[in-house]
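Colleague: Provided herewith: data_17.txt, compact mmCIF, C-alpha atoms.
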```
# COMPACT_ATOMS: atom_id res chain seq x y z
CA MET A 1 0.00 0.00 0.00
CA LYS A 2 1.14 3.51 -0.74
CA SER A 3 1.73 5.95 2.04
CA VAL A 4 -1.02 8.50 2.49
CA LEU A 5 1.58 11.18 3.25
CA SER A 6 3.32 13.14 0.56
CA GLU A 7 7.09 12.92 0.40
CA ARG A 8 7.00 16.70 0.02
CA GLN A 9 5.09 17.18 3.26
CA SER A 10 6.74 19.99 5.18
CA ILE A 11 7.90 19.24 8.72
CA HIS A 12 7.13 21.74 11.46
CA LEU A 13 9.67 21.76 14.25
CA HIS A 14 8.45 21.99 17.84
CA ASP A 15 10.10 21.66 21.18
CA ILE A 16 10.92 18.12 22.23
CA GLU A 17 12.11 16.81 25.59
CA TYR A 18 15.85 16.29 25.96
CA ARG A 19 17.65 14.47 28.75
CA GLU A 20 21.32 13.78 29.46
CA PHE A 21 23.01 10.73 30.90
CA GLU A 22 25.29 11.86 33.68
CA PRO A 23 28.85 11.30 32.37
CA ASP A 24 29.81 8.81 35.09
CA ALA A 25 26.53 6.95 34.65
CA ALA A 26 26.95 6.75 30.87
CA MET A 27 30.44 5.33 31.29
CA ALA A 28 29.07 2.84 33.82
CA VAL A 29 26.65 1.54 31.17
CA ARG A 30 29.43 1.01 28.65
CA ARG A 31 31.80 -0.54 31.20
CA LEU A 32 29.16 -2.96 32.42
CA ALA A 33 28.27 -3.93 28.83
CA ALA A 34 31.96 -4.56 28.06
CA ASP A 35 32.36 -6.59 31.24
CA ILE A 36 29.35 -8.76 30.40
CA ARG A 37 30.66 -9.33 26.87
CA HIS A 38 34.09 -10.36 28.13
CA GLN A 39 32.61 -12.68 30.75
CA SER A 40 30.34 -14.23 28.12
CA SER A 41 33.07 -15.03 25.60
CA ASP A 42 31.34 -18.29 24.69
CA LEU A 43 28.04 -16.65 23.81
CA GLN A 44 25.56 -18.78 21.95
CA HIS A 45 23.01 -17.29 19.56
CA THR A 46 24.83 -13.96 19.21
CA ASP A 47 22.76 -13.39 16.08
CA THR A 48 19.63 -13.20 18.26
CA LEU A 49 21.05 -12.35 21.73
CA HIS A 50 19.03 -15.23 23.20
CA ASP A 51 21.88 -16.85 25.10
CA PRO A 52 20.40 -17.78 28.52
CA ALA A 53 23.58 -16.89 30.37
CA LEU A 54 23.71 -13.46 28.74
CA LEU A 55 20.07 -12.74 29.49
CA ALA A 56 20.54 -13.82 33.10
CA GLU A 57 23.52 -11.48 33.45
CA ILE A 58 21.51 -8.60 31.96
CA ASP A 59 18.73 -9.23 34.44
CA ARG A 60 21.05 -9.68 37.41
CA ARG A 61 23.40 -6.79 36.77
CA ALA A 62 21.10 -4.06 35.43
CA GLY A 63 20.49 -3.17 39.06
CA GLU A 64 24.18 -2.25 39.42
CA LEU A 65 23.67 0.82 37.23
CA PRO A 66 23.23 4.20 38.91
CA ALA A 67 19.67 5.29 39.68
CA SER A 68 20.13 8.21 37.30
CA VAL A 69 20.27 5.73 34.38
CA ARG A 70 16.82 4.38 35.19
CA HIS A 71 15.57 7.95 35.56
CA ALA A 72 16.98 8.93 32.15
CA VAL A 73 15.19 6.09 30.33
CA ARG A 74 11.81 6.55 31.99
CA PRO A 75 8.88 7.06 29.56
CA PRO A 76 8.59 10.49 27.92
CA ALA A 77 7.08 13.02 30.28
CA THR A 78 5.52 15.53 27.88
CA ALA A 79 2.58 15.56 25.45
CA ALA A 80 5.06 15.11 22.58
CA GLY A 81 5.41 11.46 23.59
CA ALA A 82 9.10 11.39 22.68
CA THR A 83 12.41 12.12 24.39
CA VAL A 84 16.00 12.30 23.17
CA VAL A 85 18.55 11.04 25.70
CA ARG A 86 22.09 12.23 25.04
CA GLY A 87 25.49 11.22 26.29
CA LEU A 88 26.00 7.49 25.74
CA PRO A 89 29.65 7.27 24.64
CA VAL A 90 30.23 5.64 21.26
CA SER A 91 33.14 5.85 18.83
CA ASP A 92 32.67 5.44 15.10
CA ALA A 93 35.78 3.27 14.81
CA GLU A 94 34.44 0.58 17.15
CA PHE A 95 31.61 -0.43 14.84
CA GLY A 96 33.18 -1.04 11.45
CA PRO A 97 31.29 -0.19 8.25
CA THR A 98 27.53 0.12 8.23
CA PRO A 99 26.38 -3.37 7.20
CA PRO A 100 24.40 -3.80 3.96
CA ASP A 101 21.41 -5.37 5.76
CA TRP A 102 20.26 -6.49 9.19
CA GLN A 103 21.31 -10.10 8.52
CA ARG A 104 24.93 -9.08 8.07
CA ALA A 105 24.75 -6.81 11.12
CA ALA A 106 23.55 -9.70 13.27
CA ALA A 107 26.06 -12.20 11.90
CA GLU A 108 29.04 -9.86 12.34
CA ALA A 109 28.20 -8.61 15.85
CA GLY A 110 30.40 -11.14 17.62
CA GLU A 111 33.31 -11.05 15.17
CA ILE A 112 36.66 -9.37 15.71
CA GLY A 113 36.40 -5.74 14.64
CA HIS A 114 32.67 -5.62 15.37
CA HIS A 115 32.65 -6.04 19.14
CA GLY A 116 31.44 -2.45 19.47
CA SER A 117 28.16 -3.48 17.89
CA LEU A 118 27.70 -6.40 20.29
CA GLU A 119 28.67 -4.28 23.29
CA LEU A 120 26.19 -1.59 22.28
CA ASP A 121 23.54 -4.30 21.91
CA ILE A 122 24.28 -5.40 25.47
CA ALA A 123 24.22 -1.79 26.68
CA LEU A 124 20.80 -1.33 25.08
CA LEU A 125 19.53 -4.52 26.69
CA LEU A 126 20.68 -3.16 30.05
CA LEU A 127 18.98 0.18 29.42
CA ALA A 128 15.80 -1.49 28.19
CA ARG A 129 15.79 -3.72 31.26
CA CYS A 130 16.01 -0.59 33.40
CA ALA A 131 12.98 0.80 31.55
CA GLY A 132 10.75 -2.29 31.50
CA ASP A 133 10.34 -5.70 29.84
CA LEU A 134 12.25 -5.84 26.55
CA PHE A 135 11.09 -8.23 23.84
CA GLY A 136 11.46 -9.22 20.21
CA TRP A 137 9.30 -10.79 17.50
CA LEU A 138 9.88 -14.32 16.28
CA GLY A 139 8.86 -13.26 12.76
CA GLN A 140 11.03 -10.13 12.58
CA GLN A 141 14.83 -10.21 12.27
CA ASN A 142 14.79 -13.85 13.45
CA GLY A 143 13.49 -12.90 16.88
CA ARG A 144 16.46 -10.65 17.58
CA LEU A 145 16.07 -8.60 20.77
CA VAL A 146 18.02 -5.66 19.34
CA ASN A 147 17.08 -4.88 15.74
CA ASN A 148 19.52 -3.21 13.33
CA ILE A 149 17.98 -0.53 11.12
CA VAL A 150 20.09 0.08 8.01
CA PRO A 151 19.23 0.89 4.39
CA ALA A 152 19.24 -2.19 2.16
CA ALA A 153 19.70 -2.21 -1.61
CA GLY A 154 16.50 -3.16 -3.39
CA HIS A 155 14.29 -1.94 -0.54
CA GLU A 156 14.62 1.79 -1.17
CA HIS A 157 10.90 2.38 -1.82
CA GLU A 158 9.16 0.02 0.59
CA GLN A 159 7.50 1.01 3.84
CA SER A 160 10.02 -0.54 6.24
CA GLY A 161 13.15 0.38 8.16
CA ALA A 162 15.25 -0.91 5.25
CA SER A 163 13.98 1.84 2.93
CA SER A 164 15.71 5.12 2.15
CA THR A 165 14.59 7.16 -0.86
CA THR A 166 10.92 7.15 0.13
CA LEU A 167 9.33 8.78 3.14
CA LEU A 168 8.78 6.23 5.89
CA SER A 169 5.23 7.12 6.88
CA PRO A 170 4.56 7.95 10.52
CA HIS A 171 3.20 4.85 12.24
CA SER A 172 2.73 3.12 15.57
CA GLU A 173 5.35 0.40 15.90
CA ASP A 174 3.71 -2.98 15.17
CA ALA A 175 0.28 -1.36 15.20
CA PHE A 176 -1.25 -4.63 13.95
CA HIS A 177 -0.53 -6.48 17.20
CA ALA A 178 -2.15 -6.22 20.64
CA GLU A 179 1.21 -6.94 22.31
CA ARG A 180 3.05 -4.12 20.58
CA ALA A 181 5.58 -2.09 22.56
CA ASN A 182 4.55 0.63 24.96
CA LEU A 183 8.00 2.19 24.64
CA LEU A 184 10.32 2.14 21.65
CA MET A 185 14.05 2.76 22.08
CA LEU A 186 16.03 3.87 19.02
CA ALA A 187 19.80 4.26 19.41
CA CYS A 188 22.02 6.00 16.88
CA VAL A 189 25.26 4.31 15.83
CA ARG A 190 25.93 6.48 12.79
CA ASN A 191 24.04 9.28 11.01
CA PRO A 192 26.49 11.43 9.03
CA ASP A 193 23.78 12.97 6.85
CA ARG A 194 21.65 14.01 9.85
CA VAL A 195 18.65 12.07 8.58
CA ALA A 196 15.69 13.02 10.76
CA THR A 197 13.35 10.66 12.54
CA THR A 198 9.83 12.08 12.60
CA VAL A 199 7.63 11.90 15.71
CA SER A 200 4.05 13.13 16.11
CA SER A 201 1.78 12.82 19.15
CA ILE A 202 -1.97 12.26 19.22
CA ARG A 203 -1.98 14.46 22.33
CA GLU A 204 -0.84 17.49 20.32
CA VAL A 205 -3.32 17.24 17.43
CA ASP A 206 -6.51 19.27 17.07
CA LEU A 207 -9.44 16.98 16.19
CA ASP A 208 -13.11 17.67 16.86
CA GLU A 209 -15.26 15.24 18.82
CA GLN A 210 -16.99 13.92 15.71
CA ASP A 211 -13.68 12.91 14.13
CA ARG A 212 -12.60 11.27 17.38
CA ARG A 213 -15.81 9.24 17.52
CA ILE A 214 -15.42 8.15 13.90
CA LEU A 215 -11.78 7.15 14.38
CA ALA A 216 -12.59 5.30 17.62
CA THR A 217 -15.02 3.03 15.73
CA PRO A 218 -13.37 -0.19 14.48
CA THR A 219 -13.64 0.18 10.72
CA VAL A 220 -10.65 -1.32 8.88
CA PRO A 221 -7.80 -3.64 9.89
CA ILE A 222 -4.10 -2.88 10.26
CA LEU A 223 -1.90 -5.46 8.55
CA PRO A 224 1.65 -6.53 9.49
CA ASP A 225 4.36 -4.66 7.63
CA VAL A 226 6.55 -6.23 4.99
CA SER A 227 9.32 -7.08 7.47
CA TYR A 228 7.07 -9.90 8.75
CA GLY A 229 6.44 -11.39 5.30
CA THR A 230 3.27 -11.33 3.21
CA ASP A 231 1.22 -14.45 4.01
CA PHE A 232 -1.01 -13.79 7.02
CA GLY A 233 -4.20 -15.67 6.20
CA PRO A 234 -7.75 -14.28 6.15
CA TYR A 235 -7.90 -13.00 9.75
CA ALA A 236 -8.10 -9.20 9.57
CA PRO A 237 -10.42 -7.67 12.19
CA PRO A 238 -11.28 -3.97 12.07
CA LEU A 239 -9.48 -1.91 14.71
CA PRO A 240 -9.97 1.54 16.23
CA THR A 241 -7.45 4.21 15.28
CA VAL A 242 -7.77 6.43 18.37
CA TRP A 243 -9.50 6.06 21.72
CA ILE A 244 -9.76 7.71 25.12
CA ASP A 245 -8.19 5.70 27.95
CA GLU A 246 -9.45 5.51 31.53
CA ASN A 247 -7.48 8.66 32.41
CA GLY A 248 -9.16 10.67 29.68
CA CYS A 249 -6.05 10.82 27.46
CA ASP A 250 -5.98 10.09 23.75
CA THR A 251 -3.99 7.09 22.55
CA ILE A 252 -3.38 5.94 18.99
CA ARG A 253 -2.94 2.81 16.87
CA TYR A 254 -1.99 4.03 13.41
CA ASP A 255 -0.19 2.71 10.33
CA PRO A 256 -1.55 4.25 7.12
CA ALA A 257 0.81 2.34 4.82
CA TYR A 258 -0.65 -0.98 6.00
CA THR A 259 -4.27 0.08 6.51
CA PRO A 260 -6.66 -0.72 3.59
CA LEU A 261 -8.31 2.69 3.61
CA ASP A 262 -9.95 2.03 0.24
CA ASP A 263 -12.22 -0.43 2.06
CA ALA A 264 -13.53 2.29 4.39
CA ASP A 265 -16.44 4.63 3.71
CA PRO A 266 -15.81 8.26 2.68
CA VAL A 267 -16.68 9.58 6.14
CA PHE A 268 -14.00 7.47 7.83
CA ARG A 269 -11.45 8.26 5.11
CA ALA A 270 -12.06 11.98 5.55
CA ALA A 271 -11.58 11.78 9.32
CA TYR A 272 -8.43 9.68 8.84
CA ALA A 273 -7.09 12.26 6.37
CA ARG A 274 -7.67 15.05 8.88
CA LEU A 275 -5.81 13.04 11.52
CA THR A 276 -2.94 12.50 9.09
CA ALA A 277 -2.77 16.23 8.34
CA GLU A 278 -2.73 17.03 12.05
CA LEU A 279 0.04 14.54 12.74
CA ALA A 280 2.07 16.24 10.01
CA ARG A 281 1.34 19.67 11.49
CA VAL A 282 2.64 18.79 14.95
CA CYS A 283 5.62 16.76 13.71
CA HIS A 284 8.92 16.81 15.60
CA ALA A 285 12.01 15.89 13.58
CA PRO A 286 15.07 15.05 15.70
CA ALA A 287 18.15 14.01 13.72
CA LEU A 288 19.90 11.63 16.08
CA ALA A 289 23.66 11.85 16.58
CA PRO A 290 25.84 8.87 17.56
CA GLY A 291 25.24 7.90 21.16
CA GLU A 292 21.80 9.50 21.32
CA LEU A 293 18.65 7.53 22.13
CA LEU A 294 15.13 8.37 21.03
CA LEU A 295 12.43 7.09 23.39
CA VAL A 296 9.00 7.00 21.76
CA ASP A 297 5.81 6.39 23.72
CA ASN A 298 4.23 3.97 21.25
CA ASP A 299 0.77 4.41 22.78
CA VAL A 300 0.83 8.16 22.18
CA ALA A 301 3.26 8.98 19.36
CA VAL A 302 3.83 7.75 15.82
CA HIS A 303 7.26 7.84 14.22
CA GLY A 304 8.76 7.69 10.74
CA ARG A 305 11.78 8.92 8.79
CA VAL A 306 12.46 11.52 6.11
CA PRO A 307 13.78 10.33 2.72
CA PHE A 308 17.53 10.13 2.13
CA ARG A 309 19.89 8.79 -0.51
CA ALA A 310 21.77 5.70 0.64
CA ARG A 311 25.33 5.25 -0.60
CA TYR A 312 25.84 1.58 0.42
CA ASP A 313 29.52 2.33 1.04
CA GLY A 314 29.67 1.53 4.76
CA THR A 315 28.93 5.10 5.92
CA ASP A 316 25.11 5.12 5.85
CA ARG A 317 22.75 5.79 8.74
CA TRP A 318 22.64 2.95 11.29
CA LEU A 319 20.20 2.76 14.18
CA LYS A 320 19.39 0.03 16.69
CA ARG A 321 15.89 -0.62 18.02
CA VAL A 322 14.51 -2.29 21.15
CA ASN A 323 10.83 -2.94 21.95
CA ILE A 324 9.82 -2.47 25.59
CA ARG A 325 6.60 -3.30 27.43
CA LEU A 326 5.84 -1.30 30.57
CA PRO A 327 4.43 -3.64 33.26
CA GLU A 328 2.34 -0.87 34.77
CA ARG A 329 0.37 -0.42 31.54
CA ARG A 330 -2.34 -2.83 30.46
CA ARG A 331 -3.86 -3.25 27.06
CA ARG A 332 -7.58 -2.79 26.56
CA SER A 333 -9.63 -5.91 27.23
CA GLU A 334 -11.02 -5.71 23.68
CA GLU A 335 -7.56 -6.48 22.32
CA ALA A 336 -7.32 -9.82 24.14
CA SER A 337 -9.21 -11.66 21.37
CA GLU A 338 -6.77 -10.65 18.62
CA ASN A 339 -4.51 -13.36 17.22
CA GLY A 340 -1.86 -10.93 15.96
CA TYR A 341 -1.70 -12.75 12.61
CA GLY A 342 0.21 -15.53 14.35
CA GLN A 343 3.20 -13.32 15.19
CA GLU A 344 4.84 -14.56 18.40
CA VAL A 345 6.65 -12.52 21.02
CA ILE A 346 10.10 -13.39 22.38
CA ALA A 347 9.93 -12.07 25.95
CA PRO A 348 12.77 -13.36 28.17
CA TYR A 349 11.77 -11.44 31.29
CA ARG A 350 8.01 -11.56 31.15
CA ALA A 351 5.94 -14.36 32.70
CA ARG A 352 4.00 -16.46 30.26
CA THR A 353 0.81 -15.00 31.68
CA VAL A 354 -0.18 -11.94 29.65
CA ARG A 355 -2.80 -9.70 31.22
CA THR A 356 -4.88 -6.87 29.83
CA ALA A 357 -7.24 -4.45 31.51
CA GLY A 358 -10.12 -6.40 33.00
CA GLN A 359 -8.44 -9.75 32.37
CA ASP A 360 -7.15 -11.71 35.37
CA GLU A 361 -6.81 -15.19 33.97
CA ALA A 362 -3.79 -16.53 32.13
CA ASP A 363 -3.66 -15.83 28.42
CA GLU A 364 -3.75 -19.12 26.55
CA ARG A 365 -2.95 -17.83 23.08
CA GLY A 366 0.66 -18.90 23.30
CA SER A 367 1.93 -15.62 21.88
CA VAL A 368 4.66 -15.22 24.46
CA GLU A 369 7.81 -17.26 23.96
CA GLN A 370 10.61 -17.77 26.45
CA PRO A 371 14.12 -18.60 25.14
```
Output the file's structure in the form of structure tokens.
Modeller:
Amino acid sequence: MKSVLSERQSIHLHDIEYREFEPDAAMAVRRLAADIRHQSSDLQHTDTLHDPALLAEIDRRAGELPASVRHAVRPPATAAGATVVRGLPVSDAEFGPTPPDWQRAAAEAGEIGHHGSLELDIALLLLARCAGDLFGWLGQQNGRLVNNIVPAAGHEHEQSGASSTTLLSPHSEDAFHAERANLLMLACVRNPDRVATTVSSIREVDLDEQDRRILATPTVPILPDVSYGTDFGPYAPPLPTVWIDENGCDTIRYDPAYTPLDDADPVFRAAYARLTAELARVCHAPALAPGELLLVDNDVAVHGRVPFRARYDGTDRWLKRVNIRLPERRRRSEEASENGYGQEVIAPYRARTVRTAGQDEADERGSVEQP
């Protein structure tokens, strides 16, 4: 499906929340990650980071980090739904060339000359563990807990993290799935061209009550993006796009590139178009620098990326991504019946019981996997 946003859409800059790791705390993160890597020299499954010994060390030793680290990676505190955290020390030389695709990035992480990538993966696992319950998807990047986001030749125009020359439409991460992240962590390894990540919050848009009611009515489905494949079977329930939670705050579930809007009636399409225009109007556009993290509240904000021209010469933009569930947040009870198109979660620190608002019994769908 084509994006409903124009690649020429102007971006309006607004204030966004910035935080800083205290220098000693940032160094503590890197030192602890290096120590764990050295102690785990016989890592298994380095291409997925599922080694039980590694995961146990992450869980056991995350508590050694200064309290200021946990404070820095708390969920965004403003209506923008996004925060840039600065100060994690990285050096360009420790990573080697930007890999040509995520498969190569995963395979090379444990090799000589690429230990910086593996150590940063471990650092991000530590930070994510400080923030909540990190997880991956069995059907995306082979279940890897830290995803590598790099431009890949042949994927320039698709709506995925591997694209480059097309606008990556603003979207909720994994909007198709009830167990999607509450918090998304994006870490910058390299970004010499200052390619901006776009972020827009439902809590900053101006929509009238009629549009909110229309968009809160389940009308069309949201399909998995191309990174999960293409064969998902006939199950495609209609989903709401926005709703008001129990605290009276708007939340959003939005992915226009994978929403069959042509199947909706004109009234819904018009309301959706007004929402899209509003998200563009309130768009923030931070261009991450190496060592900066972008925390996105995935219940409130949608994110995307401006177009850029990839060179495929080892110097292109390289981000890493971690999905995080926040134990204090519960999904709506209406979402409990969704099958998520069969996509399974790899959640090393979460009990097999998955609970949503109003649901006290164990979830029997089998969507949560333990390594």
Colleague: Point out the residue among A:Asp297, A:Asp174, A:Glu22, A:Glu119 with the least atom-to-atom distance to Asp35 in chain A, counting all atoms listed in the file.
Modeller: A:Glu119
Colleague: Given all atoms listed in the file, how would the per-residue table for range 148-252 of chain A near range 131-134 of chain A read, listing every residue at most 10 Å away with its closest atom pair and distance in Å to one decimal, sorted by chain and number, as a tab-separated table?
Modeller:
```
residue	atom	partner	partner_atom	distance
A:Ala181	CA	A:Leu134	CA	8.6
A:Asn182	CA	A:Gly132	CA	9.5
A:Leu183	CA	A:Ala131	CA	8.6
A:Leu184	CA	A:Leu134	CA	9.6
A:Met185	CA	A:Ala131	CA	9.7
```
Colleague: Have a look at A:Arg253, A:His50, A:Arg30, A:His157 and name the one nearest to Gly87 in chain A; count all atoms listed in the file.
Modeller: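 Between A:Arg253, A:His50, A:Arg30, A:His157, the residue approaching Gly87 in chain A most closely is A:Arg30.
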Colleague: Using Å and a single decimal, report how far CA of Ala56 in chain A sits from CA of Gly291 in chain A.
Modeller: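 Going from CA of Gly291 in chain A over to CA of Ala56 in chain A covers 25.2 Å.
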Colleague: With only C-alpha atoms as the atoms that count, which of A:Leu207, A:Ile122, A:Val322, A:Leu215 lies nearest to Leu295 in chain A?
Modeller: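 The shortest atom-to-atom distance to Leu295 in chain A comes from A:Val322.
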Colleague: Using only C-alpha atoms, which residues sit within 9 Å of Thr197 in chain A once same-chain residues fewer than 2 positions away are excluded, as number ranges by chain?
Modeller: A: 195, 199, 284-288, 294, 303-306
Colleague: Write the selection just made, keeping C-alpha atoms, as a short mmCIF file (atom, residue, chain, number, x, y, z; two decimals), in the frame of the given file?
Modeller:
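After the write, result.cif holds the following:
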```cif
data_model
loop_
_atom_site.label_atom_id
_atom_site.label_comp_id
_atom_site.auth_asym_id
_atom_site.auth_seq_id
_atom_site.Cartn_x
_atom_site.Cartn_y
_atom_site.Cartn_z
CA VAL A 195 18.65 12.07 8.58
CA VAL A 199 7.63 11.90 15.71
CA HIS A 284 8.92 16.81 15.60
CA ALA A 285 12.01 15.89 13.58
CA PRO A 286 15.07 15.05 15.70
CA ALA A 287 18.15 14.01 13.72
CA LEU A 288 19.90 11.63 16.08
CA LEU A 294 15.13 8.37 21.03
CA HIS A 303 7.26 7.84 14.22
CA GLY A 304 8.76 7.69 10.74
CA ARG A 305 11.78 8.92 8.79
CA VAL A 306 12.46 11.52 6.11
#
```
Colleague: What is the CA of Ile222 in chain A to CA of His155 in chain A distance in Å?
Modeller: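 Result for CA of Ile222 in chain A versus CA of His155 in chain A: 21.3 Å, one decimal.
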Colleague: When you look at range 143-150 of chain A with a cut-off of 9 Å (counting all atoms listed in the file), what residues show up, excluding the ones that are within fewer than 5 positions of it in the same chain? I need them as a PyMOL selection string.
Modeller: chain A and resi 47-50+98-103+105-106+121-122+124-125+134-138+161-164+316-323+344-347
Colleague: Quick one: of A:Pro151, A:Ala107, A:Asp208, A:Leu261, who's nearest to Asp313 in chain A, counting only C-alpha atoms?
Modeller: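 Distance minimum relative to Asp313 in chain A lands on A:Pro151.
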Colleague: Within 6 Å of (5.5, 1.4, 5.8) in the file's own coordinates, which protein, DNA or RNA residues have an atom, counting only C-alpha atoms? List them as number ranges by chain.
Modeller: A: 159-160, 168-169, 257
Colleague: What is the CA of Leu279 in chain A to CA of Val220 in chain A distance in Å?
Modeller: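 Here the two named atoms are 19.5 Å from each other.
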Colleague: Rank A:Thr78, A:Gln343, A:Thr46, A:His177 by their smallest atom-to-atom distance to Gln140 in chain A, using only C-alpha atoms, and report the top residue only.
Modeller: A:Gln343
Colleague: Using only C-alpha atoms, which of the listed residues (A:Ala25, A:Val189, A:Ile244, A:Ala277) sits closest to Arg213 in chain A?
Modeller: A:Ile244
Colleague: If we count all atoms listed in the file and set the cut-off at 7 Å, which residues sit around Pro290 in chain A, ignoring sequence neighbours fewer than 5 positions away in its own chain? Please answer as a list in words.
Modeller: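 Non-adjacent residues within range: Val90, Cys188, Val189, Arg190 and Asn191 of chain A.
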Colleague: Show me the residues around (16.7, 9.5, 22.5) - criterion: an atom at most 6 Å away, all atoms listed in the file counted - as a PyMOL selection string.
Modeller: chain A and resi 83-85+292-295
Colleague: May I have the residues within 9 Å of Pro23 in chain A as a PDB file with C-alpha atoms, in the frame of the given file, using all atoms listed in the file and disregarding those fewer than 3 positions away in the same chain?
Modeller:
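Result written to result-v4.pdb:
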```pdb
ATOM      1  CA  GLU A  20      21.320  13.780  29.460  1.00  0.00           C
ATOM      2  CA  ALA A  26      26.950   6.750  30.870  1.00  0.00           C
ATOM      3  CA  MET A  27      30.440   5.330  31.290  1.00  0.00           C
ATOM      4  CA  ALA A  28      29.070   2.840  33.820  1.00  0.00           C
ATOM      5  CA  GLY A  87      25.490  11.220  26.290  1.00  0.00           C
ATOM      6  CA  LEU A  88      26.000   7.490  25.740  1.00  0.00           C
ATOM      7  CA  PRO A  89      29.650   7.270  24.640  1.00  0.00           C
TER       8      PRO A  89
END
```
